[in-house]
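Structure first, then comments.
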Amino acid sequence: MPDKSGKGLEGVVAAETAISDIDGQKGLLYYVGYDIHDLATHASFEEIIYLLHHLELPNEQQLEEMRTAVSREREPNALAMELIPTLAESTPAMSMLRTIVSISSAQDPDGPSMAEEANYRKAIRLTAVFPTFVAYFDRLRNNQPLIPPDGSLSQAGNFLYMLKGDKADDEAARMFDICLVLHADHTMNASTFAARVCAATLSDIHSALTAAIAALKGPLHGGANEAVMKMLKEIKEPAKARDYILKKFEAKEKIMGFGHRVYKTEDPRATHLRAMSKDLAEKTGDGSYYEISQAIEKTVMDEKGIYPNVDFYAASVYGYLGIPTDLFTPIFACSRVSGWTAHVREQYADNRLIRPDHDYVGPDPRTWVSISDR
Ligand code: COA
């Protein structure tokens with residue numbers, strides 16, 4: 001039941017959207033009417049970008065055009081390139097992303113234009129370049145040479161290449177591609193809502209994305225996947241998982257990667273990520289992350305009946321793919337930027353300022369007291 005105090009805006013309809021939909025009781029997620037299970041099985045991330053922005057699946061030519069558009073826009077502008085080395089010295093990865101997206105607006109080829117076509121170009125440009133920001137940041141902080149984007153690779157394959165310096169095998173690239181597909185959009189989640197609130201003031205798309213990244217950063221939203229990996233590393237072996245979780249419950253702490261405002265059953269994205277985690281555990285011959293995750297899941301389900309969300313098994317999948325833990329949330333952003341930009345454009349297309357009401361719980365009106373009498 002929605003909280004009657006309105007706390008957390010539970011149950012409040014904040015916008016009409018044609019981009020995605022969730023049935024929290026049945027555990028269903030749709031992008032523009034397509035079931036996430038079908039999309040995770042068949043679609044590439046480039047197809048999803050097209051779908052979220054055009055509200056139809058692309059035909060072959062349209063998909064090719066999207067691939068080309070994205071692969072052409074992967075290089076950061078000069079100002080961003082100047083700043084990344086400084087940010088790589090000591091800035092946390094999500095703060096780097098928030099800052100670099102904001103600064104990128106200064107040299108966007110479309111400038112401050114709010115024209116519909118300009119905003120579409122900015123949306124594709126930002127979606128294309130996010131992974132480069134993350135990979136360059138990681139290479140620079142590790143004193144490694146930068147690997148320029150490879151236009152022949154998919155958004156997923158190219159990210160792994162720029163990050164590691166070696167081309168990922170097809171299987172690893174497809175697994176990462178599926179991760180991008182699964183994280184691309186999710187209705188009125190906190191970061192998308194933040195983006196829409198900002199866009200609804202008719203502020204620009206870079207500002208809306210800066211707000212979205214700021215919201216995604218928190219551990220109750222995108223930051224949960226990093227917290228999950230920290231937990232897996234702390235637990236170390238499956239046999240210790242149960243006691244660890246019970247202690248957290250005793251201390252009234254939340255278990256990261258579990259629970260959801262909307263899903264009252266399994267998050268459909270978690271189903272895919274669990275299977276991928278299992279698969280990677282077998283392929284890498286290192287079952288530890290997966291087995292600890294399984295033991296945690298069993299304890300949380302047995303004790304509280306709370307299901308894992310998208311962040312829980314994403315952590316072990318990214319861990320198996322060799323991605324540094326503090327890049328997990330930036331990677332979430334590399335996918336969700338497709339949804340954020342689609343929502344921002346949808347907001348502009350039928351805009352009204354978002355300005356909720358409140359319940360006042362402070363004192364009744366009272367008389368001013370001069371400072372000497374307080
Ligand atoms: N671990 C333990 N208990 C949890 C829990 C978790 N991860 N998630 C929810 N609960 C419990 C709460 O303690 C609360 O119990 P109570 O009614 O006895 O007080 C109840 O379930 C409702 O939780 P609440 O925090 O009010 O739900 P919410 O809709 O406001 O929050 C989340 C949703 C996602 C923020 C919340 O489940 C959470 O903090 N999860 C961990 C962080 C996370 O994984 N975030 C990523 C989301 S995709």
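Quick note on naming: the chains in the structure tokens go A, B, ... in the order shown, residues restart at 1 in each chain, and ligands are numbered from 1 in order of appearance.
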Cys198 (chain A): which residues within 8 Å, counting only C-alpha atoms, same-chain residues fewer than 3 positions away excluded, as JSON, numbers by chain? {"A": [194, 195, 201, 202, 203, 207, 208, 211]}
Could you name the residues that touch Ala214 (chain A) at 10 Å or less, counting only C-alpha atoms, but leaving out those on the same chain fewer than 5 positions away, as a VMD selection string? chain A and resid 94 to 95 97 to 99 191 194 to 195 208 to 209
Could you write out the selected residues, including C-alpha atoms, as a PDB file, in the first residue's frame?
ATOM      1  CA  MET A  94      30.945   8.775 -10.217  1.00  0.00           C
ATOM      2  CA  SER A  95      32.003  12.293  -9.233  1.00  0.00           C
ATOM      3  CA  LEU A  97      31.388  11.295 -14.497  1.00  0.00           C
ATOM      4  CA  ARG A  98      29.067  13.929 -13.009  1.00  0.00           C
ATOM      5  CA  THR A  99      31.698  16.636 -13.494  1.00  0.00           C
ATOM      6  CA  SER A 191      17.791   9.155 -11.344  1.00  0.00           C
ATOM      7  CA  ALA A 194      15.755  13.632 -11.166  1.00  0.00           C
ATOM      8  CA  ALA A 195      16.537  14.075 -14.875  1.00  0.00           C
ATOM      9  CA  ALA A 208      19.430  16.939 -16.573  1.00  0.00           C
ATOM     10  CA  LEU A 209      22.034  14.188 -16.958  1.00  0.00           C
TER      11      LEU A 209
END
Exercise answer, 8 Å around ligand 1 with only C-alpha atoms and all ligand atoms, as a PyMOL selection string: chain A and resi 8+10+219-225+249+252-262+300+304+306+308-312
Between A:Tyr120, A:Gly339, A:Met175, A:Asp166, which one has atoms that come closest to His42 (chain A), using only C-alpha atoms?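 Closest to His42 (chain A), using only C-alpha atoms: A:Met175.
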Could you name the residues that touch Pro76 (chain A) at 8 Å or less, counting only C-alpha atoms, but leaving out those on the same chain fewer than 5 positions away, as a count of residues only? 5
Tell me, which residues of region 118-153 of chain A carry DSSP alpha helix (DSSP H), written as a list in words?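 Matching residues, listed in order: Ala118, Asn119, Tyr120, Arg121, Lys122, Ala123, Ile124, Arg125, Leu126, Thr127, Ala128, Val129, Phe130, Pro131, Thr132, Phe133, Val134, Ala135, Tyr136, Phe137, Asp138, Arg139, Leu140 and Arg141 of chain A.
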Keeping N, CA and C atoms, export the residues of the selection given above as an mmCIF file, in the first residue's frame.
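Output file selection.cif follows:
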data_model
loop_
_atom_site.group_PDB
_atom_site.id
_atom_site.type_symbol
_atom_site.label_atom_id
_atom_site.label_comp_id
_atom_site.auth_asym_id
_atom_site.auth_seq_id
_atom_site.Cartn_x
_atom_site.Cartn_y
_atom_site.Cartn_z
ATOM 1 N N ALA A 118 18.600 19.052 -32.199
ATOM 2 C CA ALA A 118 19.845 19.258 -31.443
ATOM 3 C C ALA A 118 19.845 18.371 -30.201
ATOM 4 N N ASN A 119 18.697 18.300 -29.540
ATOM 5 C CA ASN A 119 18.630 17.465 -28.339
ATOM 6 C C ASN A 119 18.774 15.979 -28.670
ATOM 7 N N TYR A 120 18.274 15.569 -29.841
ATOM 8 C CA TYR A 120 18.469 14.172 -30.243
ATOM 9 C C TYR A 120 19.956 13.914 -30.482
ATOM 10 N N ARG A 121 20.609 14.825 -31.184
ATOM 11 C CA ARG A 121 22.052 14.643 -31.435
ATOM 12 C C ARG A 121 22.834 14.620 -30.114
ATOM 13 N N LYS A 122 22.469 15.497 -29.192
ATOM 14 C CA LYS A 122 23.157 15.513 -27.882
ATOM 15 C C LYS A 122 22.930 14.187 -27.152
ATOM 16 N N ALA A 123 21.718 13.669 -27.274
ATOM 17 C CA ALA A 123 21.391 12.406 -26.596
ATOM 18 C C ALA A 123 22.280 11.271 -27.109
ATOM 19 N N ILE A 124 22.433 11.194 -28.431
ATOM 20 C CA ILE A 124 23.244 10.121 -29.021
ATOM 21 C C ILE A 124 24.720 10.344 -28.678
ATOM 22 N N ARG A 125 25.128 11.607 -28.738
ATOM 23 C CA ARG A 125 26.530 11.957 -28.437
ATOM 24 C C ARG A 125 26.882 11.546 -26.998
ATOM 25 N N LEU A 126 25.999 11.874 -26.069
ATOM 26 C CA LEU A 126 26.263 11.555 -24.664
ATOM 27 C C LEU A 126 26.243 10.048 -24.435
ATOM 28 N N THR A 127 25.287 9.376 -25.050
ATOM 29 C CA THR A 127 25.212 7.912 -24.886
ATOM 30 C C THR A 127 26.483 7.269 -25.430
ATOM 31 N N ALA A 128 26.973 7.799 -26.541
ATOM 32 C CA ALA A 128 28.170 7.231 -27.178
ATOM 33 C C ALA A 128 29.426 7.435 -26.332
ATOM 34 N N VAL A 129 29.538 8.593 -25.690
ATOM 35 C CA VAL A 129 30.824 8.983 -25.083
ATOM 36 C C VAL A 129 30.974 8.542 -23.616
ATOM 37 N N PHE A 130 29.884 8.238 -22.932
ATOM 38 C CA PHE A 130 30.000 7.863 -21.517
ATOM 39 C C PHE A 130 31.060 6.782 -21.273
ATOM 40 N N PRO A 131 31.036 5.672 -22.033
ATOM 41 C CA PRO A 131 32.027 4.615 -21.762
ATOM 42 C C PRO A 131 33.471 5.093 -21.957
ATOM 43 N N THR A 132 33.671 6.043 -22.870
ATOM 44 C CA THR A 132 35.032 6.550 -23.082
ATOM 45 C C THR A 132 35.496 7.320 -21.844
ATOM 46 N N PHE A 133 34.606 8.124 -21.263
ATOM 47 C CA PHE A 133 34.969 8.836 -20.032
ATOM 48 C C PHE A 133 35.444 7.835 -18.974
ATOM 49 N N VAL A 134 34.684 6.760 -18.834
ATOM 50 C CA VAL A 134 34.974 5.791 -17.764
ATOM 51 C C VAL A 134 36.288 5.048 -18.053
ATOM 52 N N ALA A 135 36.455 4.603 -19.289
ATOM 53 C CA ALA A 135 37.659 3.843 -19.636
ATOM 54 C C ALA A 135 38.908 4.725 -19.558
ATOM 55 N N TYR A 136 38.818 5.943 -20.095
ATOM 56 C CA TYR A 136 39.982 6.841 -20.064
ATOM 57 C C TYR A 136 40.375 7.165 -18.622
ATOM 58 N N PHE A 137 39.372 7.419 -17.795
ATOM 59 C CA PHE A 137 39.603 7.716 -16.373
ATOM 60 C C PHE A 137 40.362 6.563 -15.724
ATOM 61 N N ASP A 138 39.919 5.350 -16.006
ATOM 62 C CA ASP A 138 40.556 4.190 -15.376
ATOM 63 C C ASP A 138 41.982 3.987 -15.886
ATOM 64 N N ARG A 139 42.175 4.154 -17.202
ATOM 65 C CA ARG A 139 43.531 3.978 -17.761
ATOM 66 C C ARG A 139 44.479 5.039 -17.180
ATOM 67 N N LEU A 140 44.003 6.274 -17.111
ATOM 68 C CA LEU A 140 44.875 7.354 -16.632
ATOM 69 C C LEU A 140 45.252 7.176 -15.171
ATOM 70 N N ARG A 141 44.311 6.761 -14.341
ATOM 71 C CA ARG A 141 44.632 6.637 -12.910
ATOM 72 C C ARG A 141 45.575 5.451 -12.680
#
What's around Thr192 (chain A) at 8 Å? Count only C-alpha atoms, leave out sequence neighbours fewer than 3 positions away in its own chain, and write the answer as JSON, numbers by chain. {"A": [187, 188, 189, 195, 196, 212, 339, 340, 343]}
Take the residues from that selection and put them in a file with all heavy atoms, as a PDB file, in the first residue's frame.
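The result, written out as again-v4.pdb:
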ATOM      1  N   THR A 187      11.492   3.003 -15.896  1.00  0.00           N
ATOM      2  CA  THR A 187      10.408   3.945 -15.556  1.00  0.00           C
ATOM      3  C   THR A 187      10.891   5.087 -14.644  1.00  0.00           C
ATOM      4  O   THR A 187      11.941   5.649 -14.888  1.00  0.00           O
ATOM      5  CB  THR A 187       9.164   3.213 -14.971  1.00  0.00           C
ATOM      6  OG1 THR A 187       9.432   2.734 -13.663  1.00  0.00           O
ATOM      7  CG2 THR A 187       8.737   2.044 -15.840  1.00  0.00           C
ATOM      8  N   MET A 188      10.149   5.351 -13.560  1.00  0.00           N
ATOM      9  CA  MET A 188      10.427   6.557 -12.749  1.00  0.00           C
ATOM     10  C   MET A 188      11.404   6.291 -11.608  1.00  0.00           C
ATOM     11  O   MET A 188      11.196   6.714 -10.472  1.00  0.00           O
ATOM     12  CB  MET A 188       9.130   7.095 -12.141  1.00  0.00           C
ATOM     13  CG  MET A 188       8.347   8.076 -12.969  1.00  0.00           C
ATOM     14  SD  MET A 188       9.284   9.231 -13.931  1.00  0.00           S
ATOM     15  CE  MET A 188       8.938   8.560 -15.548  1.00  0.00           C
ATOM     16  N   ASN A 189      12.481   5.561 -11.876  1.00  0.00           N
ATOM     17  CA  ASN A 189      13.518   5.376 -10.852  1.00  0.00           C
ATOM     18  C   ASN A 189      14.075   6.751 -10.459  1.00  0.00           C
ATOM     19  O   ASN A 189      13.881   7.744 -11.162  1.00  0.00           O
ATOM     20  CB  ASN A 189      14.606   4.446 -11.396  1.00  0.00           C
ATOM     21  CG  ASN A 189      15.261   5.043 -12.609  1.00  0.00           C
ATOM     22  OD1 ASN A 189      16.237   5.767 -12.498  1.00  0.00           O
ATOM     23  ND2 ASN A 189      14.703   4.791 -13.786  1.00  0.00           N
ATOM     24  N   ALA A 195      16.297  13.511 -13.537  1.00  0.00           N
ATOM     25  CA  ALA A 195      16.537  14.075 -14.875  1.00  0.00           C
ATOM     26  C   ALA A 195      15.286  14.787 -15.378  1.00  0.00           C
ATOM     27  O   ALA A 195      15.358  15.885 -15.947  1.00  0.00           O
ATOM     28  CB  ALA A 195      16.940  12.968 -15.847  1.00  0.00           C
ATOM     29  N   ARG A 196      14.119  14.174 -15.164  1.00  0.00           N
ATOM     30  CA  ARG A 196      12.881  14.767 -15.672  1.00  0.00           C
ATOM     31  C   ARG A 196      12.513  16.034 -14.897  1.00  0.00           C
ATOM     32  O   ARG A 196      11.994  16.995 -15.486  1.00  0.00           O
ATOM     33  CB  ARG A 196      11.738  13.744 -15.642  1.00  0.00           C
ATOM     34  CG  ARG A 196      11.913  12.661 -16.709  1.00  0.00           C
ATOM     35  CD  ARG A 196      10.689  11.760 -16.844  1.00  0.00           C
ATOM     36  NE  ARG A 196       9.638  12.404 -17.582  1.00  0.00           N
ATOM     37  CZ  ARG A 196       8.970  11.859 -18.616  1.00  0.00           C
ATOM     38  NH1 ARG A 196       9.273  10.647 -19.040  1.00  0.00           N
ATOM     39  NH2 ARG A 196       7.998  12.518 -19.210  1.00  0.00           N
ATOM     40  N   ALA A 212      20.885  13.456 -12.937  1.00  0.00           N
ATOM     41  CA  ALA A 212      20.619  12.005 -12.932  1.00  0.00           C
ATOM     42  C   ALA A 212      21.819  11.237 -12.376  1.00  0.00           C
ATOM     43  O   ALA A 212      21.667  10.313 -11.562  1.00  0.00           O
ATOM     44  CB  ALA A 212      20.301  11.534 -14.346  1.00  0.00           C
ATOM     45  N   GLY A 339      18.292   5.645 -21.500  1.00  0.00           N
ATOM     46  CA  GLY A 339      16.950   5.880 -20.965  1.00  0.00           C
ATOM     47  C   GLY A 339      16.773   7.319 -20.473  1.00  0.00           C
ATOM     48  O   GLY A 339      15.757   7.953 -20.741  1.00  0.00           O
ATOM     49  N   TRP A 340      17.782   7.816 -19.759  1.00  0.00           N
ATOM     50  CA  TRP A 340      17.675   9.203 -19.261  1.00  0.00           C
ATOM     51  C   TRP A 340      17.415  10.174 -20.413  1.00  0.00           C
ATOM     52  O   TRP A 340      16.538  11.024 -20.327  1.00  0.00           O
ATOM     53  CB  TRP A 340      18.976   9.633 -18.568  1.00  0.00           C
ATOM     54  CG  TRP A 340      19.268   8.994 -17.254  1.00  0.00           C
ATOM     55  CD1 TRP A 340      18.372   8.498 -16.350  1.00  0.00           C
ATOM     56  CD2 TRP A 340      20.579   8.820 -16.667  1.00  0.00           C
ATOM     57  NE1 TRP A 340      19.049   8.018 -15.250  1.00  0.00           N
ATOM     58  CE2 TRP A 340      20.390   8.205 -15.414  1.00  0.00           C
ATOM     59  CE3 TRP A 340      21.879   9.117 -17.088  1.00  0.00           C
ATOM     60  CZ2 TRP A 340      21.465   7.880 -14.572  1.00  0.00           C
ATOM     61  CZ3 TRP A 340      22.938   8.804 -16.250  1.00  0.00           C
ATOM     62  CH2 TRP A 340      22.738   8.186 -15.008  1.00  0.00           C
ATOM     63  N   HIS A 343      13.968   9.914 -21.782  1.00  0.00           N
ATOM     64  CA  HIS A 343      12.984  10.524 -20.872  1.00  0.00           C
ATOM     65  C   HIS A 343      13.049  12.046 -20.916  1.00  0.00           C
ATOM     66  O   HIS A 343      12.017  12.722 -20.854  1.00  0.00           O
ATOM     67  CB  HIS A 343      13.201  10.034 -19.434  1.00  0.00           C
ATOM     68  CG  HIS A 343      12.559   8.711 -19.167  1.00  0.00           C
ATOM     69  ND1 HIS A 343      11.258   8.571 -18.749  1.00  0.00           N
ATOM     70  CD2 HIS A 343      13.047   7.446 -19.280  1.00  0.00           C
ATOM     71  CE1 HIS A 343      10.969   7.285 -18.602  1.00  0.00           C
ATOM     72  NE2 HIS A 343      12.043   6.577 -18.919  1.00  0.00           N
TER      73      HIS A 343
END
Between CA of His206 (chain A) and CA of Gly111 (chain A), what distance in Å does the model show, to one decimal? 10.7 Å
Counting only C-alpha atoms, which residue out of A:Gln155, A:Gln62, A:Asn77, A:Ser90 sits closest to Gln107 (chain A)?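 Answer, going by the shortest atom-to-atom distance: A:Asn77.
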Suppose you want the space between CA of Ile292 (chain A) and CA of Lys247 (chain A); what is it in Å? 15.9 Å
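Nearest-residue note for Leu273 (chain A): choosing from A:Tyr348, A:Glu226, A:His37, A:Ala190, the minimum distance belongs to A:His37, counting only C-alpha atoms.
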